[in-house]
$ cat upload14.cif   # mmCIF, C-alpha atoms and all ligand atoms
data_query
#
loop_
_atom_site.label_atom_id
_atom_site.label_comp_id
_atom_site.auth_asym_id
_atom_site.auth_seq_id
_atom_site.Cartn_x
_atom_site.Cartn_y
_atom_site.Cartn_z
CA MET A 1 103.77 166.28 85.17
CA GLN A 2 107.38 165.44 85.96
CA ASP A 3 109.87 165.76 83.13
CA MET A 4 111.05 162.27 82.12
CA PHE A 5 114.13 163.80 80.52
CA ARG A 6 115.44 164.57 84.00
CA PHE A 7 117.19 161.18 83.89
CA ALA A 8 118.77 161.76 80.47
CA ASP A 9 122.56 161.92 80.16
CA ALA A 10 125.23 160.82 77.69
CA TYR A 11 124.25 157.14 78.04
CA GLY A 12 120.46 157.04 78.13
CA PRO A 13 117.81 156.09 78.93
CA ALA A 14 116.78 155.30 75.35
CA LYS A 15 113.13 154.71 76.30
CA ILE A 16 110.83 155.06 79.28
CA ILE A 17 107.56 153.26 78.61
CA HIS A 18 104.47 153.72 80.69
CA ILE A 19 102.07 150.78 80.58
CA TYR A 20 98.50 151.15 81.80
CA ARG A 21 95.62 148.74 81.24
CA PRO A 22 92.85 149.96 83.56
CA LYS A 23 90.52 147.02 82.91
CA LEU A 24 93.21 144.61 84.12
CA GLY A 25 94.63 146.82 86.85
CA LEU A 26 98.02 146.65 85.13
CA LYS A 27 100.37 149.53 85.88
CA ALA A 28 103.99 149.11 84.87
CA ILE A 29 107.07 150.98 83.68
CA LEU A 30 109.81 149.76 81.38
CA VAL A 31 113.11 151.59 81.13
CA VAL A 32 115.45 150.62 78.30
CA ASP A 33 118.66 152.40 79.18
CA ASN A 34 121.59 151.88 76.82
CA VAL A 35 121.50 149.27 74.06
CA ALA A 36 124.71 150.06 72.17
CA ALA A 37 126.21 146.65 73.01
CA GLY A 38 123.02 144.71 72.23
CA PRO A 39 119.45 144.23 73.45
CA SER A 40 119.03 145.07 77.10
CA ILE A 41 118.62 142.37 79.75
CA GLY A 42 117.08 143.25 83.10
CA GLY A 43 114.66 141.89 85.66
CA VAL A 44 110.94 142.46 86.10
CA ARG A 45 110.34 143.67 89.66
CA MET A 46 106.85 143.34 91.14
CA ALA A 47 106.07 145.36 94.26
CA PRO A 48 103.34 147.82 95.32
CA ASP A 49 105.79 150.66 96.01
CA VAL A 50 108.05 150.74 92.94
CA SER A 51 108.72 153.99 91.06
CA VAL A 52 110.05 155.35 87.80
CA GLU A 53 113.16 156.58 89.67
CA GLU A 54 113.86 153.11 91.04
CA CYS A 55 113.27 151.58 87.62
CA PHE A 56 115.69 154.00 85.96
CA ARG A 57 118.41 153.48 88.62
CA LEU A 58 118.09 149.70 88.29
CA ALA A 59 118.18 149.90 84.48
CA ARG A 60 121.36 152.01 84.62
CA ALA A 61 122.90 149.59 87.10
CA MET A 62 122.21 146.83 84.55
CA THR A 63 123.92 148.88 81.81
CA TRP A 64 127.11 148.98 83.93
CA LYS A 65 126.77 145.41 85.12
CA ASN A 66 126.32 143.94 81.64
CA ALA A 67 129.16 146.09 80.26
CA ALA A 68 131.46 145.23 83.17
CA ALA A 69 130.68 141.57 82.54
CA GLY A 70 131.61 142.06 78.87
CA LEU A 71 128.23 140.85 77.61
CA PRO A 72 126.73 141.82 74.23
CA HIS A 73 123.76 143.33 76.10
CA GLY A 74 122.66 146.71 77.32
CA GLY A 75 120.77 147.54 80.50
CA GLY A 76 117.04 147.67 81.10
CA LYS A 77 114.54 147.07 83.86
CA SER A 78 110.81 146.96 84.38
CA VAL A 79 108.56 147.37 87.38
CA ILE A 80 104.96 146.26 87.86
CA PHE A 81 102.97 148.05 90.55
CA ALA A 82 101.33 145.10 92.34
CA ASP A 83 101.51 142.80 95.34
CA PRO A 84 103.66 139.79 94.33
CA HIS A 85 101.76 137.58 96.81
CA MET A 86 98.46 137.91 94.94
CA ASP A 87 96.73 134.72 93.90
CA GLU A 88 98.48 132.69 91.22
CA ALA A 89 95.81 133.02 88.51
CA ALA A 90 95.64 136.81 88.93
CA LYS A 91 99.43 137.01 88.80
CA GLU A 92 99.55 134.95 85.63
CA ASN A 93 96.98 137.26 83.97
CA LEU A 94 98.92 140.34 84.98
CA ILE A 95 102.31 138.99 83.85
CA ARG A 96 100.88 137.79 80.54
CA ALA A 97 99.27 141.20 79.91
CA PHE A 98 102.56 142.88 80.81
CA ALA A 99 104.39 140.58 78.38
CA VAL A 100 102.01 141.45 75.55
CA ALA A 101 102.49 145.16 76.31
CA ILE A 102 106.30 144.89 75.98
CA GLY A 103 106.14 142.47 73.03
CA GLU A 104 107.21 144.98 70.44
CA VAL A 105 110.02 146.42 72.54
CA THR A 106 112.47 143.93 71.08
CA ASP A 107 115.52 145.62 72.61
CA TYR A 108 114.38 144.50 76.07
CA ILE A 109 114.68 140.92 77.38
CA ALA A 110 112.90 140.31 80.67
CA GLY A 111 114.39 138.26 83.52
CA PRO A 112 113.28 137.44 87.08
CA ASP A 113 113.74 139.93 89.93
CA MET A 114 112.08 140.61 93.28
CA GLY A 115 108.48 139.40 93.14
CA THR A 116 108.87 137.38 89.92
CA ASN A 117 110.41 133.97 89.24
CA GLU A 118 111.17 131.44 86.51
CA GLN A 119 107.49 130.48 86.20
CA CYS A 120 106.68 134.15 85.42
CA MET A 121 109.44 134.18 82.80
CA GLY A 122 107.87 131.06 81.28
CA TRP A 123 104.60 133.01 80.83
CA VAL A 124 106.48 135.97 79.30
CA ARG A 125 108.27 133.68 76.83
CA ASP A 126 105.01 131.95 75.96
CA GLU A 127 103.44 135.31 75.05
CA ILE A 128 106.27 137.05 73.21
CA GLY A 129 108.96 134.44 72.50
CA ARG A 130 111.74 135.92 74.62
CA ALA A 131 112.75 136.01 78.29
CA VAL A 132 115.64 134.71 80.41
CA GLY A 133 115.70 132.87 83.73
CA LEU A 134 113.30 130.27 82.32
CA PRO A 135 112.22 126.96 83.86
CA SER A 136 114.72 124.24 82.89
CA VAL A 137 112.08 122.26 80.95
CA ILE A 138 112.03 125.04 78.36
CA GLY A 139 115.78 125.66 78.18
CA GLY A 140 116.42 127.59 81.39
CA ILE A 141 119.60 127.17 83.42
CA PRO A 142 118.66 126.94 87.14
CA LEU A 143 121.23 129.48 88.28
CA ASP A 144 120.48 129.43 92.02
CA GLU A 145 120.47 125.65 92.13
CA ILE A 146 123.83 125.31 90.37
CA GLY A 147 125.29 128.28 92.27
CA ALA A 148 126.23 130.40 89.23
CA THR A 149 126.61 133.61 91.21
CA GLY A 150 128.54 131.98 94.07
CA PHE A 151 130.83 130.33 91.54
CA GLY A 152 131.60 133.77 90.07
CA VAL A 153 132.12 135.28 93.55
CA ALA A 154 134.71 132.57 94.27
CA ALA A 155 136.47 133.19 90.92
CA ALA A 156 136.60 136.96 91.59
CA THR A 157 137.93 136.29 95.10
CA GLU A 158 140.72 134.09 93.80
CA VAL A 159 141.89 136.75 91.32
CA ALA A 160 141.64 139.62 93.84
CA ALA A 161 143.26 137.75 96.75
CA PRO A 162 146.90 138.63 95.92
CA PHE A 163 145.92 142.32 95.53
CA ALA A 164 144.63 142.20 99.13
CA GLY A 165 147.57 140.24 100.52
CA VAL A 166 145.41 137.15 101.05
CA GLN A 167 146.45 133.57 100.34
CA LEU A 168 143.36 131.58 99.48
CA ASP A 169 144.65 128.28 100.78
CA GLY A 170 143.77 128.41 104.47
CA ALA A 171 142.05 131.82 104.21
CA ARG A 172 139.30 132.39 106.80
CA VAL A 173 135.94 133.25 105.22
CA VAL A 174 132.82 134.79 106.74
CA VAL A 175 129.49 134.80 104.87
CA GLN A 176 126.63 137.11 105.74
CA GLY A 177 123.41 135.58 104.35
CA PHE A 178 123.63 131.83 103.79
CA GLY A 179 121.21 131.70 100.84
CA ALA A 180 121.68 130.95 97.14
CA VAL A 181 124.65 133.28 96.74
CA GLY A 182 126.24 132.88 100.18
CA LYS A 183 126.25 129.10 100.52
CA HIS A 184 127.60 128.48 97.03
CA SER A 185 130.31 131.14 97.50
CA ALA A 186 131.40 129.31 100.67
CA ARG A 187 131.30 125.94 98.91
CA PHE A 188 133.36 127.01 95.88
CA LEU A 189 135.90 128.86 98.05
CA ALA A 190 136.31 125.79 100.26
CA GLU A 191 137.20 123.84 97.09
CA LYS A 192 140.10 126.30 96.73
CA GLY A 193 141.30 125.63 100.29
CA ALA A 194 139.50 128.41 102.20
CA ILE A 195 137.83 127.75 105.57
CA LEU A 196 134.37 129.02 106.53
CA VAL A 197 134.68 130.41 110.08
CA ALA A 198 131.26 132.10 110.38
CA ALA A 199 127.94 132.42 108.57
CA SER A 200 124.68 134.18 109.28
CA ASP A 201 121.06 134.13 108.21
CA SER A 202 118.11 136.32 109.17
CA ARG A 203 117.91 134.57 112.59
CA GLY A 204 121.53 134.66 113.76
CA THR A 205 125.19 133.78 113.37
CA VAL A 206 127.15 130.57 113.84
CA SER A 207 130.94 130.69 114.12
CA ASP A 208 133.90 128.41 114.75
CA PRO A 209 137.52 129.56 114.29
CA ASP A 210 138.49 125.97 113.42
CA GLY A 211 136.03 125.89 110.52
CA LEU A 212 132.39 124.96 109.94
CA ASP A 213 131.10 121.98 107.96
CA ILE A 214 129.64 123.71 104.87
CA GLU A 215 127.75 120.69 103.48
CA ALA A 216 126.14 120.12 106.88
CA LEU A 217 125.09 123.79 107.07
CA ILE A 218 123.62 123.59 103.55
CA ALA A 219 121.69 120.43 104.49
CA LEU A 220 120.41 122.15 107.65
CA LYS A 221 119.11 125.14 105.64
CA GLN A 222 117.60 122.84 103.02
CA SER A 223 115.64 121.01 105.68
CA GLY A 224 114.14 124.34 106.79
CA GLY A 225 116.43 124.87 109.78
CA HIS A 226 118.29 128.00 110.85
CA LEU A 227 122.06 128.34 111.25
CA THR A 228 121.63 128.84 114.99
CA ASP A 229 120.17 125.31 115.20
CA PHE A 230 123.53 123.91 114.07
CA CYS A 231 124.96 121.26 116.35
CA ALA A 232 128.43 122.86 116.54
CA GLY A 233 129.98 126.33 116.81
CA GLU A 234 129.28 129.43 118.85
CA LYS A 235 125.92 131.17 118.31
CA GLY A 236 125.28 134.91 118.17
CA ASP A 237 122.71 137.40 116.90
CA THR A 238 122.45 138.36 113.20
CA ASP A 239 124.89 141.25 113.56
CA ALA A 240 127.51 139.15 115.37
CA VAL A 241 128.73 138.17 111.90
CA LEU A 242 130.26 141.65 111.61
CA ASP A 243 132.66 141.03 114.48
CA VAL A 244 134.25 137.76 113.39
CA PRO A 245 137.90 138.34 112.38
CA CYS A 246 138.67 136.85 108.96
CA ASP A 247 140.53 137.34 105.68
CA ILE A 248 137.47 137.41 103.39
CA TRP A 249 134.08 138.82 104.42
CA ILE A 250 131.26 138.15 101.95
CA PRO A 251 128.01 140.12 102.12
CA ALA A 252 125.29 137.98 100.49
CA ALA A 253 122.09 139.21 102.12
CA ARG A 254 120.57 142.69 101.88
CA PRO A 255 121.41 146.22 100.68
CA ASP A 256 123.11 148.74 103.02
CA VAL A 257 124.04 146.23 105.73
CA VAL A 258 127.42 147.88 106.28
CA ARG A 259 127.37 151.62 106.87
CA ALA A 260 129.60 154.34 108.38
CA ASP A 261 128.18 153.49 111.85
CA ASN A 262 129.13 149.77 111.82
CA VAL A 263 131.97 149.43 109.27
CA GLY A 264 134.47 149.75 112.16
CA ARG A 265 133.36 146.30 113.33
CA LEU A 266 134.71 144.57 110.20
CA ASN A 267 138.13 142.99 110.59
CA CYS A 268 139.07 141.58 107.17
CA LYS A 269 141.27 142.19 104.11
CA LEU A 270 139.02 141.39 101.17
CA VAL A 271 135.28 141.91 100.55
CA PRO A 272 133.77 140.28 97.45
CA GLN A 273 130.27 141.74 97.27
CA GLY A 274 127.80 138.92 96.59
CA ALA A 275 124.73 141.01 97.41
CA ASN A 276 123.69 144.12 95.48
CA ILE A 277 124.77 147.46 97.05
CA PRO A 278 125.46 145.82 100.43
CA PHE A 279 127.65 148.74 101.62
CA THR A 280 126.99 152.45 101.60
CA LYS A 281 129.38 154.74 99.72
CA GLU A 282 130.79 156.02 103.03
CA ALA A 283 131.50 152.50 104.29
CA GLU A 284 133.28 151.62 101.05
CA SER A 285 135.49 154.70 101.17
CA ILE A 286 136.39 154.04 104.84
CA LEU A 287 137.42 150.48 103.91
CA HIS A 288 139.42 151.76 100.93
CA GLU A 289 141.33 154.14 103.25
CA ARG A 290 142.00 151.19 105.58
CA GLY A 291 143.48 149.19 102.68
CA VAL A 292 140.64 146.66 102.54
CA VAL A 293 139.95 145.59 98.94
CA VAL A 294 136.25 145.61 98.04
CA ILE A 295 135.31 143.82 94.80
CA PRO A 296 132.24 145.82 93.70
CA ASP A 297 128.89 144.00 93.47
CA PHE A 298 128.47 144.38 89.72
CA VAL A 299 131.84 142.73 89.11
CA ALA A 300 131.76 140.02 91.79
CA ASN A 301 128.11 138.94 91.50
CA ALA A 302 127.77 139.04 87.69
CA GLY A 303 127.61 135.22 87.51
CA GLY A 304 123.80 135.33 87.47
CA VAL A 305 123.49 137.72 84.55
CA ILE A 306 126.26 135.98 82.61
CA CYS A 307 124.33 132.75 83.10
CA ALA A 308 121.16 134.46 81.81
CA SER A 309 123.02 135.67 78.73
CA VAL A 310 124.39 132.17 78.05
CA GLU A 311 120.85 130.81 78.40
CA TYR A 312 119.51 133.43 75.96
CA HIS A 313 122.13 132.47 73.39
CA GLY A 314 121.19 128.78 73.67
CA GLY A 315 124.02 127.57 75.95
CA ASN A 316 123.81 125.02 78.74
CA GLU A 317 124.98 124.67 82.34
CA ARG A 318 128.50 123.58 81.39
CA SER A 319 129.06 126.48 78.99
CA ALA A 320 127.62 128.87 81.60
CA PHE A 321 130.30 127.86 84.12
CA ASP A 322 133.03 128.25 81.50
CA VAL A 323 131.87 131.71 80.44
CA ILE A 324 131.41 132.89 84.04
CA ASP A 325 134.90 131.72 84.93
CA ILE A 326 136.61 133.40 81.97
CA ARG A 327 134.69 136.68 82.14
CA ILE A 328 134.76 137.22 85.89
CA ARG A 329 138.45 136.39 86.16
CA ASN A 330 139.34 138.73 83.30
CA ASN A 331 137.15 141.59 84.54
CA THR A 332 138.30 141.29 88.15
CA ARG A 333 141.93 141.34 87.04
CA LEU A 334 141.37 144.48 84.92
CA VAL A 335 139.65 146.22 87.84
CA MET A 336 142.35 145.22 90.34
CA GLU A 337 145.14 146.38 88.03
CA GLU A 338 143.50 149.76 87.41
CA MET A 339 142.89 150.14 91.15
CA ARG A 340 146.56 149.50 91.85
CA ASP A 341 148.07 151.43 88.93
CA ASP A 342 145.90 154.55 89.25
CA ALA A 343 145.55 154.37 93.05
CA ILE A 344 141.75 154.60 92.85
CA ALA A 345 138.94 152.76 94.61
CA PRO A 346 137.91 149.48 92.96
CA ARG A 347 134.37 150.75 92.33
CA ALA A 348 135.77 153.75 90.42
CA ALA A 349 138.00 151.39 88.41
CA ALA A 350 135.05 149.09 87.65
CA LEU A 351 132.87 152.01 86.54
CA ASN A 352 135.67 153.28 84.30
CA LEU A 353 135.89 149.85 82.69
CA ALA A 354 132.12 149.66 82.15
CA ARG A 355 131.92 153.23 80.78
CA ARG A 356 134.80 152.64 78.36
CA ARG A 357 133.04 149.56 77.02
CA VAL A 358 129.67 151.32 76.64
CA GLU A 359 131.35 154.30 74.95
CA ALA A 360 133.25 152.00 72.57
CA ALA A 361 130.00 150.19 71.71
CA MET A 362 128.29 153.57 71.12
CA THR A 363 130.88 154.52 68.49
CA THR A 364 129.58 151.63 66.36
CA ARG A 365 126.03 152.99 66.36
CA ARG A 366 124.54 155.72 64.18
CA TRP A 367 122.50 157.21 67.03
CA GLY A 368 124.51 156.02 69.99
P1 LIG B 1 118.38 134.23 99.23
O1 LIG B 1 117.03 134.67 99.63
O2 LIG B 1 118.58 132.87 98.65
O3 LIG B 1 119.36 134.31 100.50
C1 LIG B 1 119.43 135.42 101.33
C2 LIG B 1 119.90 134.94 102.70
O4 LIG B 1 120.15 136.09 103.51
C3 LIG B 1 118.88 134.09 103.46
O5 LIG B 1 119.56 132.99 104.04
C4 LIG B 1 118.38 135.04 104.57
O6 LIG B 1 118.04 134.34 105.75
C5 LIG B 1 119.59 135.88 104.79
N1 LIG B 1 119.36 137.18 105.38
C6 LIG B 1 118.35 138.06 105.21
N2 LIG B 1 118.55 139.15 105.95
C7 LIG B 1 119.70 138.96 106.60
C8 LIG B 1 120.46 139.74 107.51
N3 LIG B 1 120.06 140.93 107.87
N4 LIG B 1 121.62 139.23 107.97
C9 LIG B 1 122.06 138.01 107.60
N5 LIG B 1 121.38 137.24 106.73
C10 LIG B 1 120.24 137.71 106.25
O7 LIG B 1 118.91 135.38 98.25
P2 LIG B 1 120.12 135.28 97.21
O8 LIG B 1 119.59 134.92 95.88
O9 LIG B 1 121.24 134.51 97.81
O10 LIG B 1 120.52 136.83 97.10
C11 LIG B 1 121.27 137.48 98.10
C12 LIG B 1 121.70 138.84 97.59
O11 LIG B 1 122.48 138.69 96.41
C13 LIG B 1 120.58 139.79 97.21
O12 LIG B 1 121.04 141.11 97.49
C14 LIG B 1 120.47 139.62 95.72
O13 LIG B 1 119.92 140.77 95.09
C15 LIG B 1 121.91 139.46 95.36
N6 LIG B 1 122.17 138.78 94.08
C16 LIG B 1 121.69 137.53 93.86
C17 LIG B 1 121.99 136.89 92.67
C18 LIG B 1 121.53 135.49 92.41
O14 LIG B 1 121.97 134.93 91.41
N7 LIG B 1 120.71 134.88 93.25
C19 LIG B 1 122.79 137.54 91.69
C20 LIG B 1 123.27 138.83 91.96
C21 LIG B 1 122.96 139.42 93.17
#

$ encode --input "upload14.cif" --output "structure tokens"
Amino acid sequence: MQDMFRFADAYGPAKIIHIYRPKLGLKAILVVDNVAAGPSIGGVRMAPDVSVEECFRLARAMTWKNAAAGLPHGGGKSVIFADPHMDEAAKENLIRAFAVAIGEVTDYIAGPDMGTNEQCMGWVRDEIGRAVGLPSVIGGIPLDEIGATGFGVAAATEVAAPFAGVQLDGARVVVQGFGAVGKHSARFLAEKGAILVAASDSRGTVSDPDGLDIEALIALKQSGGHLTDFCAGEKGDTDAVLDVPCDIWIPAARPDVVRADNVGRLNCKLVPQGANIPFTKEAESILHERGVVVIPDFVANAGGVICASVEYHGGNERSAFDVIDIRIRNNTRLVMEEMRDDAIAPRAAALNLARRRVEAAMTTRRWG
């Protein structure tokens, strides 16, 4: 048997729970990492190939993300070993059984993640009375529809722009991944005067140095089209988005899309990370040496989790936007100032900020 304490350090994890219900075929793991600031919030991931390692790493990432966002919540995560495309009734049974199994772990609040959605969170809430990312009919805030994360990405970009020598009015923006995060980031930045010069999806890239019509691109995607079907602009393959010169380059698609072998293709000044871990460590340090400012994922894309926290505390769409704006602006400014004053990479500055907050919260607790 592997030693579960191999993950233990000064911050957690507080609990690793193994859930097994052989009659139902339910196999799951819940990691509650650090709860000094409050009950942990973290998604439920459903996939056949998840692991305890992955669950722990994701739970720890949530500890830093929630602390960096300044939320009264710790980090947690759960994984269910199953195919998310199973039939609906079987999925409902499995999710409900999972919910019952975590019912007494009151310092964990489940949210949607890969393989689960708001409907699943509705089932969890029905069983145990708590979950976030709920359907709107039972108090959920539809964060992808309203563009909560993209709104936060735009706010972070505005605060970081002067630190990268970028003026937002007239700034050229490129978005990789024109989905929930990418399209709303483009839309909110355009409201601040920026111009979208290229965007990509899983099929290809469309670009126009004079600017693309964002609403028309959104309508095209909504109707099931691909960006390369767009009536204007130059078309290229998916990776062509790397080569478009711009001021602001926003990754909003997949992990590890920019690595040491292709980072040389980027020609930009500021990178607000909309996606989670879109760049490898090497790529980020190369950009830092080149003077490109990267706003780390857990600072720039915290709009979604802030929205979930507002939902949990009974807020609505309007209050979610207000809280996202205040928190992301404040946190981005703190990270940018520490980056500049201590001459360190922005990710190091953001981690310092998150650690300081977790450590301060731990001083208020008898057992940390
Ligand atoms: P989404 O599925 O709505 O959109 C993803 C888009 O990326 C799609 O348009 C898809 O065609 C495109 N895409 C896929 N592979 C691509 C590639 N190789 N090159 C270019 N485009 C590609 O997903 P989303 O909710 O917008 O999430 C995007 C990323 O942001 C993910 O990493 C997600 O974990 C992260 N994230 C999302 C939220 C949120 O609130 N939705 C919050 C924090 C982080």

$ closest_residue --input "upload14.cif" --among "A:Asn301, A:Ser202, A:Asn267, A:Ser319" --to "A:Asp243" --atoms "all atoms listed in the file"
A:Asn267

$ closest_atom_pairs --input "upload14.cif" --of "chain A" --to "ligand LIG 1 (chain B)" --cutoff "7 Å" --atoms "all atoms listed in the file" --output "tab-separated table"
residue	atom	partner	partner_atom	distance
A:Leu143	CA	B:LIG1	O14	6.3
A:Asp144	CA	B:LIG1	N7	5.6
A:Ala148	CA	B:LIG1	O14	6.6
A:Thr149	CA	B:LIG1	O14	4.8
A:Gln176	CA	B:LIG1	C9	5.0
A:Gly177	CA	B:LIG1	O4	3.4
A:Phe178	CA	B:LIG1	O5	4.2
A:Gly179	CA	B:LIG1	O3	3.2
A:Ala180	CA	B:LIG1	O9	3.6
A:Val181	CA	B:LIG1	O9	3.8
A:Gly182	CA	B:LIG1	O9	5.8
A:Ser200	CA	B:LIG1	C9	4.9
A:Asp201	CA	B:LIG1	N5	3.5
A:Ser202	CA	B:LIG1	C10	3.9
A:Arg203	CA	B:LIG1	O6	6.8
A:Thr238	CA	B:LIG1	N4	5.4
A:Asp239	CA	B:LIG1	N4	6.8
A:Ala252	CA	B:LIG1	C12	4.7
A:Ala253	CA	B:LIG1	O4	3.9
A:Arg254	CA	B:LIG1	O12	4.7
A:Pro255	CA	B:LIG1	O12	6.0
A:Val257	CA	B:LIG1	N3	7.0
A:Gly274	CA	B:LIG1	O11	5.3
A:Ala275	CA	B:LIG1	O11	3.4
A:Asn276	CA	B:LIG1	O12	4.5
A:Asn301	CA	B:LIG1	C20	4.9
A:Ala302	CA	B:LIG1	C20	6.2
A:Gly303	CA	B:LIG1	C19	6.8
A:Gly304	CA	B:LIG1	O14	4.4

$ atom_distance --input "upload14.cif" --atom1 "atom CA of A:Arg130" --atom2 "atom CA of A:Ile109"
6.4 Å

$ closest_residue --input "upload14.cif" --among "A:Arg125, A:Ile295, A:Ala320, A:Tyr312" --to "A:Trp249" --atoms "all atoms listed in the file"
A:Ile295

$ closest_residue --input "upload14.cif" --among "A:Pro209, A:Pro245, A:Gly25, A:Pro13" --to "A:Ala61" --atoms "all atoms listed in the file"
A:Pro13

$ closest_residue --input "upload14.cif" --among "A:Ile248, A:Met114, A:Val137, A:Val105" --to "A:Pro48" --atoms "only C-alpha atoms"
A:Met114

$ closest_residue --input "upload14.cif" --among "A:Leu196, A:Ala68, A:Gly76, A:Gln119" --to "A:Arg333" --atoms "only C-alpha atoms"
A:Ala68

$ decode --input "upload14.cif" --residues "stretch 31-50 of chain A" --atoms "N, CA and C atoms" --output "PDB file, in the first residue's frame"
ATOM      1  N   VAL A  31     -10.279  14.733  -1.537  1.00  0.00           N
ATOM      2  CA  VAL A  31      -9.172  15.324  -0.789  1.00  0.00           C
ATOM      3  C   VAL A  31      -9.621  16.694  -0.280  1.00  0.00           C
ATOM      4  N   VAL A  32      -9.608  16.833   1.051  1.00  0.00           N
ATOM      5  CA  VAL A  32      -9.840  18.143   1.652  1.00  0.00           C
ATOM      6  C   VAL A  32      -8.450  18.632   2.045  1.00  0.00           C
ATOM      7  N   ASP A  33      -7.999  19.703   1.409  1.00  0.00           N
ATOM      8  CA  ASP A  33      -6.612  20.101   1.633  1.00  0.00           C
ATOM      9  C   ASP A  33      -6.493  21.001   2.864  1.00  0.00           C
ATOM     10  N   ASN A  34      -6.651  22.306   2.686  1.00  0.00           N
ATOM     11  CA  ASN A  34      -6.489  23.201   3.827  1.00  0.00           C
ATOM     12  C   ASN A  34      -7.790  23.966   4.034  1.00  0.00           C
ATOM     13  N   VAL A  35      -8.308  23.946   5.263  1.00  0.00           N
ATOM     14  CA  VAL A  35      -9.603  24.592   5.504  1.00  0.00           C
ATOM     15  C   VAL A  35      -9.503  25.710   6.548  1.00  0.00           C
ATOM     16  N   ALA A  36      -8.284  26.263   6.711  1.00  0.00           N
ATOM     17  CA  ALA A  36      -8.108  27.302   7.729  1.00  0.00           C
ATOM     18  C   ALA A  36      -8.991  28.521   7.444  1.00  0.00           C
ATOM     19  N   ALA A  37      -9.172  28.870   6.174  1.00  0.00           N
ATOM     20  CA  ALA A  37      -9.952  30.068   5.839  1.00  0.00           C
ATOM     21  C   ALA A  37     -11.450  29.804   5.831  1.00  0.00           C
ATOM     22  N   GLY A  38     -11.840  28.535   5.780  1.00  0.00           N
ATOM     23  CA  GLY A  38     -13.267  28.193   5.715  1.00  0.00           C
ATOM     24  C   GLY A  38     -13.433  26.874   4.977  1.00  0.00           C
ATOM     25  N   PRO A  39     -14.675  26.388   4.868  1.00  0.00           N
ATOM     26  CA  PRO A  39     -14.897  25.103   4.200  1.00  0.00           C
ATOM     27  C   PRO A  39     -14.351  25.110   2.768  1.00  0.00           C
ATOM     28  N   SER A  40     -13.807  23.997   2.359  1.00  0.00           N
ATOM     29  CA  SER A  40     -13.167  23.946   1.047  1.00  0.00           C
ATOM     30  C   SER A  40     -14.214  23.918  -0.066  1.00  0.00           C
ATOM     31  N   ILE A  41     -13.866  24.582  -1.185  1.00  0.00           N
ATOM     32  CA  ILE A  41     -14.697  24.496  -2.390  1.00  0.00           C
ATOM     33  C   ILE A  41     -13.808  23.904  -3.467  1.00  0.00           C
ATOM     34  N   GLY A  42     -14.327  22.936  -4.211  1.00  0.00           N
ATOM     35  CA  GLY A  42     -13.554  22.356  -5.311  1.00  0.00           C
ATOM     36  C   GLY A  42     -14.427  21.433  -6.127  1.00  0.00           C
ATOM     37  N   GLY A  43     -14.083  21.276  -7.381  1.00  0.00           N
ATOM     38  CA  GLY A  43     -14.925  20.535  -8.314  1.00  0.00           C
ATOM     39  C   GLY A  43     -14.910  19.024  -8.117  1.00  0.00           C
ATOM     40  N   VAL A  44     -15.941  18.394  -8.687  1.00  0.00           N
ATOM     41  CA  VAL A  44     -16.019  16.930  -8.749  1.00  0.00           C
ATOM     42  C   VAL A  44     -15.665  16.541 -10.186  1.00  0.00           C
ATOM     43  N   ARG A  45     -14.535  15.858 -10.365  1.00  0.00           N
ATOM     44  CA  ARG A  45     -14.105  15.459 -11.697  1.00  0.00           C
ATOM     45  C   ARG A  45     -14.501  14.011 -11.942  1.00  0.00           C
ATOM     46  N   MET A  46     -15.155  13.741 -13.069  1.00  0.00           N
ATOM     47  CA  MET A  46     -15.479  12.348 -13.396  1.00  0.00           C
ATOM     48  C   MET A  46     -14.722  11.940 -14.650  1.00  0.00           C
ATOM     49  N   ALA A  47     -13.890  10.912 -14.517  1.00  0.00           N
ATOM     50  CA  ALA A  47     -13.125  10.393 -15.655  1.00  0.00           C
ATOM     51  C   ALA A  47     -12.652   8.989 -15.296  1.00  0.00           C
ATOM     52  N   PRO A  48     -12.417   8.121 -16.273  1.00  0.00           N
ATOM     53  CA  PRO A  48     -12.001   6.753 -15.942  1.00  0.00           C
ATOM     54  C   PRO A  48     -10.572   6.683 -15.415  1.00  0.00           C
ATOM     55  N   ASP A  49      -9.746   7.705 -15.748  1.00  0.00           N
ATOM     56  CA  ASP A  49      -8.312   7.580 -15.460  1.00  0.00           C
ATOM     57  C   ASP A  49      -7.821   8.599 -14.430  1.00  0.00           C
ATOM     58  N   VAL A  50      -8.674   8.951 -13.466  1.00  0.00           N
ATOM     59  CA  VAL A  50      -8.234   9.889 -12.435  1.00  0.00           C
ATOM     60  C   VAL A  50      -7.382   9.149 -11.395  1.00  0.00           C
TER      61      VAL A  50
END
